[in-house]
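Raw contents of protein.txt, compact mmCIF, C-alpha atoms:
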# COMPACT_ATOMS: atom_id res chain seq x y z
CA MET S 1 90.72 73.87 115.58
CA PHE S 2 92.57 75.53 112.69
CA PHE S 3 89.52 77.07 111.04
CA GLY S 4 88.33 80.19 112.84
CA ALA S 5 87.25 83.76 112.27
CA GLY S 6 90.29 84.93 110.33
CA ASN S 7 90.10 81.91 108.05
CA LEU S 8 86.56 82.90 107.08
CA ILE S 9 87.17 86.64 106.82
CA PHE S 10 90.32 87.01 104.73
CA PRO S 11 89.83 84.63 101.73
CA PRO S 12 86.47 86.16 100.68
CA LEU S 13 87.78 89.74 100.98
CA MET S 14 90.83 88.67 98.97
CA GLY S 15 88.65 87.17 96.24
CA ALA S 16 86.39 90.24 96.15
CA GLN S 17 89.36 92.55 95.60
CA ALA S 18 91.49 90.28 93.41
CA GLN S 19 88.57 89.43 91.04
CA SER S 20 90.19 88.13 87.81
CA ALA S 21 93.51 87.74 89.69
CA ALA S 22 91.86 85.64 92.41
CA LEU S 23 93.76 82.49 91.36
CA PRO S 24 97.33 83.76 91.98
CA ALA S 25 96.18 85.57 95.13
CA THR S 26 94.61 82.35 96.42
CA ILE S 27 97.77 80.39 95.64
CA GLY S 28 99.84 82.87 97.66
CA PHE S 29 97.36 82.74 100.51
CA ILE S 30 97.32 78.93 100.52
CA VAL S 31 101.14 78.77 100.66
CA SER S 32 101.28 80.86 103.87
CA ALA S 33 97.93 79.88 105.44
CA VAL S 34 98.09 76.13 104.65
CA GLY S 35 101.59 75.19 103.53
CA LEU S 36 103.40 76.84 106.41
CA PRO S 37 101.07 75.45 109.14
CA ILE S 38 101.42 71.93 107.70
CA LEU S 39 105.19 72.32 107.72
CA GLY S 40 104.88 73.65 111.27
CA VAL S 41 102.99 70.55 112.44
CA LEU S 42 105.50 68.27 110.70
CA ALA S 43 108.47 70.24 112.07
CA VAL S 44 107.19 70.04 115.64
CA ALA S 45 106.35 66.35 115.26
CA SER S 46 109.78 65.48 113.83
CA ALA S 47 111.64 67.58 116.41
CA GLY S 48 109.70 66.04 119.30
CA GLY S 49 107.96 69.27 120.33
CA PHE S 50 108.28 72.99 119.78
CA GLU S 51 110.68 73.39 122.71
CA HIS S 52 113.16 71.00 121.08
CA LEU S 53 112.84 72.82 117.77
CA ALA S 54 113.35 76.32 119.24
CA SER S 55 116.14 75.09 121.54
CA ARG S 56 118.32 74.72 118.46
CA VAL S 57 118.65 78.51 118.73
CA SER S 58 119.03 78.45 122.54
CA PRO S 59 117.00 77.11 125.50
CA LYS S 60 116.29 80.61 126.84
CA PHE S 61 115.09 81.73 123.42
CA ALA S 62 112.80 78.68 123.23
CA ALA S 63 111.22 79.53 126.59
CA VAL S 64 110.65 83.20 125.72
CA LEU S 65 109.32 82.55 122.21
CA ALA S 66 107.03 79.81 123.49
CA PHE S 67 105.49 82.14 126.05
CA VAL S 68 105.02 84.98 123.54
CA ILE S 69 103.42 82.72 120.92
CA ILE S 70 101.07 81.14 123.45
CA MET S 71 99.93 84.57 124.62
CA ALA S 72 99.46 85.74 121.02
CA ILE S 73 97.44 82.75 119.82
CA GLY S 74 95.72 82.64 123.19
CA PRO S 75 94.27 85.27 125.51
CA CYS S 76 95.81 88.41 123.99
CA PHE S 77 94.57 88.14 120.40
CA ALA S 78 93.20 84.93 118.93
CA ILE S 79 90.83 83.77 121.69
CA PRO S 80 89.18 87.20 122.23
CA ARG S 81 88.91 87.63 118.44
CA THR S 82 86.79 84.49 118.18
CA ALA S 83 84.14 86.03 120.43
CA THR S 84 84.16 89.53 118.95
CA THR S 85 84.12 88.36 115.33
CA SER S 86 81.25 85.94 115.83
CA TYR S 87 79.39 88.61 117.81
CA GLU S 88 79.72 91.18 115.04
CA MET S 89 78.44 88.71 112.46
CA ALA S 90 75.67 87.00 114.41
CA ILE S 91 74.45 89.62 116.91
CA THR S 92 75.39 93.12 115.73
CA PRO S 93 72.96 93.09 112.74
CA PHE S 94 70.11 92.60 115.21
CA ALA S 95 71.40 94.37 118.35
CA GLY S 96 72.93 97.37 116.57
CA GLU S 97 76.42 98.87 116.51
CA ASN S 98 78.38 99.60 119.71
CA ASN S 99 75.91 97.73 121.94
CA ARG S 100 78.24 97.07 124.86
CA LEU S 101 75.62 95.27 126.94
CA ALA S 102 74.86 92.82 124.16
CA LEU S 103 78.58 92.13 123.65
CA LEU S 104 79.01 91.59 127.39
CA LEU S 105 76.15 89.08 127.60
CA TYR S 106 77.16 87.27 124.41
CA SER S 107 80.81 86.92 125.46
CA ILE S 108 79.77 85.56 128.87
CA VAL S 109 77.74 82.76 127.26
CA PHE S 110 80.33 82.15 124.54
CA PHE S 111 83.29 81.71 126.89
CA ALA S 112 81.28 79.76 129.48
CA LEU S 113 80.28 77.12 126.91
CA SER S 114 83.78 77.01 125.42
CA PHE S 115 85.29 76.58 128.89
CA LEU S 116 82.99 73.65 129.67
CA LEU S 117 83.86 71.85 126.43
CA SER S 118 87.60 72.47 126.90
CA GLN S 119 87.62 70.55 130.19
CA HIS S 120 88.10 67.32 128.27
CA PRO S 121 90.78 68.12 125.65
CA GLU S 122 91.34 64.46 124.86
CA LYS S 123 87.70 64.23 123.69
CA LEU S 124 87.74 67.23 121.33
CA SER S 125 87.76 64.89 118.32
CA LYS S 126 84.31 63.66 119.37
CA SER S 127 82.74 67.07 119.97
CA LEU S 128 84.52 69.20 117.34
CA GLY S 129 85.66 66.62 114.81
CA ARG S 130 82.50 64.52 114.60
CA PHE S 131 79.85 67.23 114.90
CA MET S 132 80.93 70.87 114.80
CA GLY S 133 83.53 70.51 112.03
CA PRO S 134 81.32 68.62 109.55
CA LEU S 135 78.40 70.99 110.20
CA LEU S 136 80.64 73.95 109.41
CA LEU S 137 81.76 72.28 106.16
CA VAL S 138 78.13 71.68 105.15
CA LEU S 139 77.26 75.34 105.68
CA ILE S 140 80.23 76.47 103.55
CA ALA S 141 79.29 73.95 100.83
CA VAL S 142 75.74 75.39 100.71
CA MET S 143 77.16 78.88 100.26
CA PHE S 144 79.52 77.66 97.52
CA ALA S 145 76.65 75.94 95.70
CA ALA S 146 74.67 79.17 95.81
CA CYS S 147 77.55 80.93 94.01
CA ILE S 148 77.42 78.44 91.18
CA PHE S 149 73.73 79.01 90.48
CA ILE S 150 73.29 82.67 91.40
CA GLY S 151 73.41 85.15 88.53
CA HIS S 152 76.35 87.54 88.58
CA ALA S 153 78.47 89.70 86.30
CA SER S 154 81.83 88.57 84.93
CA LEU S 155 84.82 89.08 87.19
CA GLY S 156 86.43 92.52 86.88
CA LYS S 157 90.00 93.75 87.16
CA PRO S 158 91.84 93.42 90.49
CA PHE S 159 91.97 96.57 92.60
CA GLY S 160 93.32 97.81 95.91
CA ASP S 161 96.35 95.91 97.20
CA TYR S 162 95.77 93.18 94.62
CA ALA S 163 96.09 95.44 91.59
CA HIS S 164 99.84 94.73 91.60
CA GLY S 165 101.53 91.63 92.98
CA SER S 166 98.44 89.62 93.92
CA LEU S 167 100.51 86.48 94.60
CA ILE S 168 102.80 88.22 97.12
CA TYR S 169 100.00 90.09 98.85
CA GLY S 170 97.95 86.91 99.11
CA PHE S 171 100.95 85.26 100.81
CA VAL S 172 101.36 88.07 103.37
CA ASN S 173 97.60 88.17 103.98
CA GLY S 174 97.81 84.55 105.12
CA TYR S 175 99.73 85.68 108.22
CA GLN S 176 96.52 87.01 109.71
CA THR S 177 95.06 83.53 110.16
CA MET S 178 97.76 82.93 112.85
CA ASP S 179 97.71 79.26 111.83
CA LEU S 180 101.48 78.81 111.66
CA LEU S 181 101.82 80.02 115.24
CA ALA S 182 98.90 77.83 116.28
CA ALA S 183 100.42 74.82 114.50
CA LEU S 184 103.45 74.97 116.77
CA TYR S 185 101.23 74.17 119.76
CA PHE S 186 98.08 72.51 118.45
CA GLY S 187 100.22 69.40 118.20
CA ILE S 188 99.83 69.03 121.99
CA VAL S 189 96.05 68.56 121.72
CA ILE S 190 96.23 66.60 118.46
CA SER S 191 98.67 64.16 120.04
CA ALA S 192 96.41 63.71 123.08
CA ASN S 193 93.46 62.85 120.83
CA ILE S 194 95.53 60.37 118.82
CA SER S 195 96.60 58.69 122.07
CA GLN S 196 92.91 58.17 122.89
CA PHE S 197 92.65 56.07 119.72
CA GLY S 198 95.32 53.74 121.10
CA VAL S 199 98.38 55.18 119.33
CA THR S 200 100.57 55.77 122.37
CA GLU S 201 104.03 54.80 121.06
CA THR S 202 105.99 58.04 120.53
CA LYS S 203 107.20 57.47 116.96
CA ALA S 204 103.80 56.22 115.78
CA ASN S 205 102.03 59.09 117.51
CA ARG S 206 104.27 61.64 115.76
CA ARG S 207 103.63 59.95 112.42
CA GLU S 208 99.86 60.09 112.95
CA THR S 209 100.14 63.74 114.01
CA GLY S 210 101.84 64.50 110.70
CA ILE S 211 99.12 62.63 108.80
CA ALA S 212 96.45 64.59 110.66
CA GLY S 213 98.17 67.86 109.79
CA THR S 214 98.41 66.90 106.12
CA GLY S 215 94.75 65.89 106.02
CA ALA S 216 93.71 69.16 107.61
CA GLY S 217 95.83 71.01 105.06
CA ILE S 218 94.13 69.32 102.11
CA LEU S 219 90.71 70.25 103.48
CA LEU S 220 91.83 73.84 104.08
CA ILE S 221 93.09 74.17 100.49
CA ILE S 222 89.65 73.14 99.20
CA ILE S 223 87.86 75.48 101.63
CA TYR S 224 90.10 78.49 100.90
CA ALA S 225 89.67 77.99 97.16
CA ALA S 226 85.89 77.84 97.64
CA LEU S 227 85.84 80.93 99.87
CA SER S 228 88.01 82.88 97.44
CA PHE S 229 85.61 81.97 94.63
CA ILE S 230 82.69 83.00 96.83
CA GLY S 231 84.39 86.34 97.48
CA ALA S 232 85.07 86.91 93.77
CA VAL S 233 81.42 86.25 92.91
CA SER S 234 80.26 88.51 95.74
CA GLY S 235 82.63 91.25 94.55
CA SER S 236 81.16 91.04 91.05
CA ILE S 237 77.70 91.56 92.57
CA LYS S 238 78.71 94.41 94.88
CA SER S 239 82.18 95.96 94.89
CA ALA S 240 84.14 95.62 98.15
CA ASN S 241 86.07 98.50 99.68
CA GLY S 242 89.25 97.11 101.22
CA LYS S 243 89.52 99.96 103.72
CA ASN S 244 85.99 99.81 105.11
CA ASP S 245 84.63 96.38 104.23
CA THR S 246 85.70 93.03 105.67
CA GLY S 247 85.33 89.45 104.57
CA ALA S 248 82.25 89.34 106.75
CA THR S 249 80.70 92.12 104.67
CA VAL S 250 81.58 90.27 101.48
CA LEU S 251 79.92 87.07 102.71
CA THR S 252 76.85 88.96 103.90
CA ASN S 253 76.48 90.64 100.50
CA LEU S 254 76.47 87.26 98.80
CA THR S 255 74.13 85.42 101.17
CA THR S 256 71.70 88.33 101.18
CA SER S 257 71.55 88.13 97.38
CA ALA S 258 71.23 84.34 97.43
CA PHE S 259 68.95 83.77 100.43
CA GLY S 260 67.29 87.12 101.08
CA SER S 261 66.50 88.07 104.67
CA ILE S 262 67.84 84.83 106.12
CA GLY S 263 71.28 85.42 104.59
CA THR S 264 72.60 87.44 107.50
CA ALA S 265 71.54 84.82 110.03
CA PHE S 266 73.09 82.09 107.87
CA VAL S 267 76.53 83.75 107.80
CA GLY S 268 76.26 84.53 111.51
CA LEU S 269 75.74 80.84 112.29
CA ILE S 270 78.83 79.88 110.25
CA PHE S 271 80.93 82.40 112.15
CA VAL S 272 79.68 81.27 115.56
CA LEU S 273 80.50 77.62 114.75
CA ALA S 274 83.97 78.38 113.37
CA CYS S 275 84.89 80.74 116.18
CA PHE S 276 83.60 78.43 118.90
CA ASN S 277 85.65 75.52 117.52
CA VAL S 278 88.87 77.52 117.57
CA CYS S 279 88.17 79.15 120.95
CA THR S 280 87.71 75.75 122.59
CA GLY S 281 90.87 74.34 121.01
CA LEU S 282 92.92 77.38 122.00
CA ILE S 283 91.77 77.41 125.63
CA SER S 284 92.66 73.72 125.84
CA THR S 285 96.07 74.25 124.19
CA CYS S 286 97.00 77.23 126.37
CA ALA S 287 95.86 75.56 129.60
CA THR S 288 97.80 72.38 128.75
CA TYR S 289 100.95 74.36 128.01
CA PHE S 290 100.76 76.41 131.22
CA GLU S 291 99.97 73.36 133.36
CA ASN S 292 103.14 71.70 132.04
CA THR S 293 105.31 74.84 132.12
CA PHE S 294 104.06 76.49 135.32
CA PRO S 295 102.75 73.66 137.55
CA THR S 296 103.18 75.91 140.60
CA VAL S 297 102.70 79.68 141.03
CA PHE S 298 104.10 81.31 144.18
CA GLY S 299 104.50 77.86 145.68
CA HIS S 300 100.90 76.77 145.04
CA PRO S 301 100.01 74.04 142.51
CA VAL S 302 97.92 75.25 139.56
CA ARG S 303 96.13 72.58 137.54
CA TYR S 304 94.59 72.47 134.06
CA ARG S 305 91.13 73.56 135.22
CA ALA S 306 92.47 76.65 137.00
CA TRP S 307 94.52 77.69 133.97
CA SER S 308 91.54 77.21 131.64
CA VAL S 309 89.42 79.40 133.94
CA PHE S 310 92.12 82.07 133.87
CA PHE S 311 92.35 82.07 130.06
CA ALA S 312 88.57 82.11 129.62
CA VAL S 313 88.16 85.06 132.01
CA PHE S 314 91.17 86.98 130.66
CA SER S 315 89.96 86.50 127.07
CA PHE S 316 86.46 87.58 128.07
CA ILE S 317 87.85 90.87 129.41
CA VAL S 318 89.98 91.53 126.30
CA SER S 319 87.13 90.66 123.94
CA ASN S 320 85.03 93.47 125.33
CA ALA S 321 87.57 95.98 123.98
CA GLY S 322 86.08 95.25 120.55
CA LEU S 323 87.24 93.55 117.36
CA SER S 324 88.79 96.64 115.76
CA ALA S 325 91.10 97.30 118.71
CA ILE S 326 92.22 93.66 118.88
CA ILE S 327 93.08 93.48 115.16
CA THR S 328 94.85 96.86 115.15
CA VAL S 329 97.21 95.83 117.95
CA SER S 330 97.71 92.27 116.73
CA LEU S 331 98.91 93.07 113.20
CA PRO S 332 102.35 94.49 114.17
CA VAL S 333 102.90 91.64 116.64
CA LEU S 334 102.10 89.02 113.98
CA GLY S 335 104.47 90.80 111.61
CA ALA S 336 107.22 90.24 114.18
CA LEU S 337 106.43 86.65 115.15
CA TYR S 338 105.62 85.12 111.76
CA PRO S 339 109.06 85.59 110.11
CA ILE S 340 110.74 84.06 113.18
CA ALA S 341 108.43 81.04 113.03
CA ILE S 342 108.91 80.70 109.26
CA VAL S 343 112.70 80.68 109.63
CA LEU S 344 112.56 78.01 112.35
CA VAL S 345 110.25 75.76 110.34
CA LEU S 346 112.18 76.09 107.06
CA LEU S 347 115.55 75.44 108.71
CA ASN S 348 114.05 72.29 110.25
CA LEU S 349 112.83 71.27 106.81
CA VAL S 350 116.45 71.12 105.59
CA GLU S 351 117.83 69.80 108.89
CA LYS S 352 119.51 66.66 107.55
CA PRO S 353 121.15 68.02 104.38
CA PHE S 354 121.99 71.51 105.66
CA SER S 355 121.08 72.79 109.15
CA SER S 356 122.63 69.86 111.06
CA ARG S 357 125.92 70.44 109.19
CA PHE S 358 125.90 74.15 110.06
CA PRO S 359 124.07 74.29 113.42
CA ARG S 360 124.92 77.96 114.05
CA VAL S 361 122.61 79.03 111.22
CA TYR S 362 119.70 78.63 113.65
CA PHE S 363 121.16 81.15 116.08
CA TRP S 364 122.34 83.79 113.62
CA THR S 365 119.38 83.63 111.23
CA VAL S 366 116.75 83.82 113.95
CA LEU S 367 118.71 86.51 115.82
CA LEU S 368 119.00 88.88 112.84
CA VAL S 369 115.41 88.29 111.72
CA ALA S 370 114.12 88.84 115.25
CA LEU S 371 116.12 92.06 115.71
CA PHE S 372 114.58 93.56 112.57
CA THR S 373 110.99 92.35 113.03
CA ILE S 374 110.82 93.26 116.74
CA PHE S 375 112.19 96.75 116.04
CA ASP S 376 109.66 97.20 113.23
CA CYS S 377 106.90 95.94 115.54
CA ILE S 378 107.81 98.48 118.25
CA VAL S 379 107.75 101.36 115.74
CA LYS S 380 104.32 100.30 114.43
CA LEU S 381 102.88 99.79 117.93
CA LEU S 382 104.03 103.28 118.95
CA ALA S 383 102.12 104.65 115.97
CA VAL S 384 99.03 102.63 116.94
CA PHE S 385 99.08 104.12 120.43
CA GLY S 386 99.48 107.65 119.12
CA LEU S 387 103.26 108.00 119.54
CA PRO S 388 104.56 107.83 115.96
CA VAL S 389 108.29 108.03 115.23
CA THR S 390 107.87 109.52 111.78
CA SER S 391 111.53 109.70 110.76
CA VAL S 392 112.13 106.05 111.66
CA SER S 393 108.94 104.91 109.91
CA GLN S 394 109.95 106.77 106.75
CA ALA S 395 113.43 105.25 106.86
CA LEU S 396 112.01 101.74 107.22
CA ALA S 397 109.66 102.36 104.30
CA THR S 398 112.66 102.90 101.99
CA LEU S 399 114.02 99.39 102.64
CA PRO S 400 113.68 96.76 99.87
CA LEU S 401 110.49 94.67 99.99
CA TYR S 402 109.17 96.69 102.96
CA GLU S 403 105.80 97.41 101.35
CA ALA S 404 105.36 93.68 100.75
CA GLN S 405 106.37 93.01 104.39
CA LEU S 406 109.20 90.75 103.23
CA THR S 407 112.23 92.85 104.20
CA TRP S 408 113.05 90.23 106.85
CA LEU S 409 114.32 87.99 104.03
CA ILE S 410 117.47 90.16 103.84
CA PRO S 411 118.62 89.61 107.46
CA ALA S 412 117.60 85.96 107.04
CA VAL S 413 120.04 85.51 104.15
CA VAL S 414 122.78 87.40 106.02
CA GLY S 415 122.16 85.23 109.08
CA ILE S 416 122.51 82.03 107.05
CA VAL S 417 125.85 83.18 105.64
CA ILE S 418 127.19 84.20 109.06
CA GLY S 419 125.87 80.94 110.57
CA ILE S 420 127.71 78.86 107.96
CA VAL S 421 130.97 80.72 108.56
CA ASP S 422 130.59 80.52 112.35
CA SER S 423 129.88 76.76 112.17
CA LEU S 424 132.94 76.14 109.99
CA ILE S 425 135.18 78.15 112.34
CA ARG S 426 133.90 76.30 115.43
CA HIS S 427 134.25 72.93 113.68
CA GLY S 428 137.82 73.79 112.69
CA ARG S 429 138.72 74.66 116.29
CA GLN S 430 137.26 71.39 117.58
CA THR S 431 139.20 69.26 115.10
CA ARG S 432 142.58 70.79 115.94
Here is the file; what I need is its structure written in the form of structure tokens.
Amino acid sequence: MFFGAGNLIFPPLMGAQAQSAALPATIGFIVSAVGLPILGVLAVASAGGFEHLASRVSPKFAAVLAFVIIMAIGPCFAIPRTATTSYEMAITPFAGENNRLALLLYSIVFFALSFLLSQHPEKLSKSLGRFMGPLLLVLIAVMFAACIFIGHASLGKPFGDYAHGSLIYGFVNGYQTMDLLAALYFGIVISANISQFGVTETKANRRETGIAGTGAGILLIIIYAALSFIGAVSGSIKSANGKNDTGATVLTNLTTSAFGSIGTAFVGLIFVLACFNVCTGLISTCATYFENTFPTVFGHPVRYRAWSVFFAVFSFIVSNAGLSAIITVSLPVLGALYPIAIVLVLLNLVEKPFSSRFPRVYFWTVLLVALFTIFDCIVKLLAVFGLPVTSVSQALATLPLYEAQLTWLIPAVVGIVIGIVDSLIRHGRQTR
């Protein structure tokens, strides 16, 4: 469920550009793309659900953030991206560029099959875990083995964004997997599967959910390291242009060199498997959430099946806008949501020694981070839709750490300080 299109695309492109600096770039990527999602799963499990975790800021905030995250990792961005990415890798090389009819037919079949499999979310471990997941790992292992034996030049100097600060840029690049946001809600489906194995007691189920998240994280570390190495080898064979090429291009360059004419089909199959796994898990997660949150709409009951139909159809429509449009719009939104999620998870991590003693740090830290990231998101989205606010964009660009997309750390620190002071003042009033 965690390993989809973005997880395949970004590590190889990172390795191809980082070259000799691939190791620090990979470490940064693993911290944000593996470490944060694991902490997210553990945070949700320990808090008893995302709603309980976010409610430490305020119940209304929890409801709004939950809805926005579900829409982001669901029908607006992540689900449509699974279809368009797999289409561009598996079908475009044979059907040609901008073939709208081919995309239409492919997305119909893709979402129809994913919808059918998502109708039994409690059985995903049998269909995805026992068959699709291992097959995907085998295909990646074959590609990794090819890198070991294929002849290639020595790794060159890092270039592009990785020429300076490869560790930091690898960390920020991990946002694009969306796995931290997904981790906050995949726990719903993971918990349902664990219950099917007989672990129904709440505390034990949460413990097993944490173990599952940790196990997935270990596998992802191995896979990301392998894919980064694959990308570095591919980049030494044929240089990658960060502006025009993607991780898909990097993988295709390698497999074409290793396997000849069947290389393109090989990579296409990997992408279809990975994207189908994630699409099915996301439809199930979104439908489960909406069934629990909105059991009735305009006075009429709406069940899991109806919600899953809605998300499959909605995602099908969005996917036909094309991969480029989806990614372009999603990047500013992820830049707004990720810092908020990171703050929530990290504050939960220090709940016993710190956050519980100063409970107002949740409110103030999240508030100040959200004000900055949402404002920045609006400015970037206006530019995407052809309405740039040049003076504001230039002013934001002068802020510390803005180029590294880490300016939100400043309001986070300010929020923690204000939260501590506010908590002490409130505690003093209560003890009088």
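Here CA of Val199 in chain S is placed at a distance of 20.6 Å from CA of Gly281 in chain S.
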>> Which residues are near Gly419 in chain S? Cut-off 9 Å, all atoms listed in the file, ignore same chain within fewer than 4 positions. Put them as a ChimeraX atom specification.
In response: /S:358-365,414-415,423-424
> Any idea what the distance is between CA of Leu53 in chain S and CA of Leu220 in chain S?
Replying inline: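 CA of Leu220 in chain S lies 25.1 Å from CA of Leu53 in chain S.
Around range 81-85 of chain S, within 7 Å and counting all atoms listed in the file, the residues found are S:Ala5, S:Ser107, S:Phe110, S:Cys275, S:Phe276, S:Cys279, S:Ser319, S:Gly322, S:Leu323, S:Ile326, once anything fewer than 6 positions away on its own chain is removed.
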> Which of these residues is nearest to Leu23 in chain S, using only C-alpha atoms: S:Pro80, S:Gly231, S:Gly217, S:Gly35?
Replying inline: S:Gly231
> By how many Å are CA of Ile70 in chain S and CA of Asn292 in chain S apart?
Replying inline: 12.9 Å
Mind checking which residues fall within 9 Å of range 300-316 of chain S, counting only C-alpha atoms, ignoring those fewer than 2 positions away in the same chain, and posting them as a compact mmCIF listing (two decimals) with C-alpha atoms, in the frame of the given file?
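Generated file (out-v4.txt):
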# COMPACT_ATOMS: atom_id res chain seq x y z
CA GLY S 74 95.72 82.64 123.19
CA PRO S 75 94.27 85.27 125.51
CA CYS S 76 95.81 88.41 123.99
CA PHE S 77 94.57 88.14 120.40
CA ALA S 78 93.20 84.93 118.93
CA ILE S 79 90.83 83.77 121.69
CA PRO S 80 89.18 87.20 122.23
CA ARG S 81 88.91 87.63 118.44
CA ALA S 83 84.14 86.03 120.43
CA LEU S 104 79.01 91.59 127.39
CA SER S 107 80.81 86.92 125.46
CA ILE S 108 79.77 85.56 128.87
CA PHE S 110 80.33 82.15 124.54
CA PHE S 111 83.29 81.71 126.89
CA ALA S 112 81.28 79.76 129.48
CA SER S 114 83.78 77.01 125.42
CA PHE S 115 85.29 76.58 128.89
CA SER S 118 87.60 72.47 126.90
CA GLN S 119 87.62 70.55 130.19
CA ILE S 283 91.77 77.41 125.63
CA SER S 284 92.66 73.72 125.84
CA CYS S 286 97.00 77.23 126.37
CA ALA S 287 95.86 75.56 129.60
CA THR S 288 97.80 72.38 128.75
CA TYR S 289 100.95 74.36 128.01
CA PHE S 290 100.76 76.41 131.22
CA GLU S 291 99.97 73.36 133.36
CA ASN S 292 103.14 71.70 132.04
CA PHE S 294 104.06 76.49 135.32
CA PRO S 295 102.75 73.66 137.55
CA THR S 296 103.18 75.91 140.60
CA VAL S 297 102.70 79.68 141.03
CA PHE S 298 104.10 81.31 144.18
CA VAL S 318 89.98 91.53 126.30
CA SER S 319 87.13 90.66 123.94
CA ASN S 320 85.03 93.47 125.33
For range 340-345 of chain S, I'd like the enclosing box, axis-aligned and padded by 5 Å on every side, reported as AutoDock Vina command-line options with centre and edge lengths in Å to one decimal.
--center_x 110.6 --center_y 79.9 --center_z 111.2 --size_x 14.3 --size_y 18.3 --size_z 13.9
> Could you pull the residues within 10 Å of Thr407 in chain S, counting only C-alpha atoms, minus those fewer than 3 positions along the same chain, as a list in words?
Replying inline: Pro339, Val369, Phe372, Thr373, Leu396, Ala397, Leu399, Pro400, Leu401, Tyr402, Glu403, Ala404, Ile410, Pro411 and Ala412 of chain S
> When distances are computed from only C-alpha atoms, which of S:Met89, S:Trp408, S:Ala102, S:Thr249 shows the smallest separation from Ile342 in chain S?
Replying inline: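 Smallest separation from Ile342 in chain S among the options: S:Trp408.
Using all atoms listed in the file, the nearest neighbour of Thr246 in chain S within the list S:Leu406, S:Phe159, S:Phe3, S:Ser324 is S:Ser324.
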>> Between S:Asn98, S:Ser154, S:Ser191, S:Thr92, which residue has the minimum interatomic distance to Lys238 in chain S, considering only C-alpha atoms?
In response: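 Smallest distance to Lys238 in chain S is found for S:Ser154.
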>> Which residue is closest to Leu344 in chain S? Choose from S:Phe229, S:Phe197, S:Thr214, S:Val366 and count all atoms listed in the file.
In response: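 When distances to Leu344 in chain S are compared using all atoms listed in the file, the smallest one comes from S:Val366.
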>> With only C-alpha atoms as the counted atoms, please give the residues lying no more than 12 Å from Leu349 in chain S, apart from itself and same-chain residues fewer than 2 positions off, as number ranges by chain.
In response: S: 36, 38-47, 53, 342-347, 351-356
>> I'd like to know which of S:Ser393, S:Thr293, S:Asn7, S:Ser236 is closest to Ile150 in chain S, using only C-alpha atoms.
In response: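 Under the stated criterion, the closest residue is S:Ser236.
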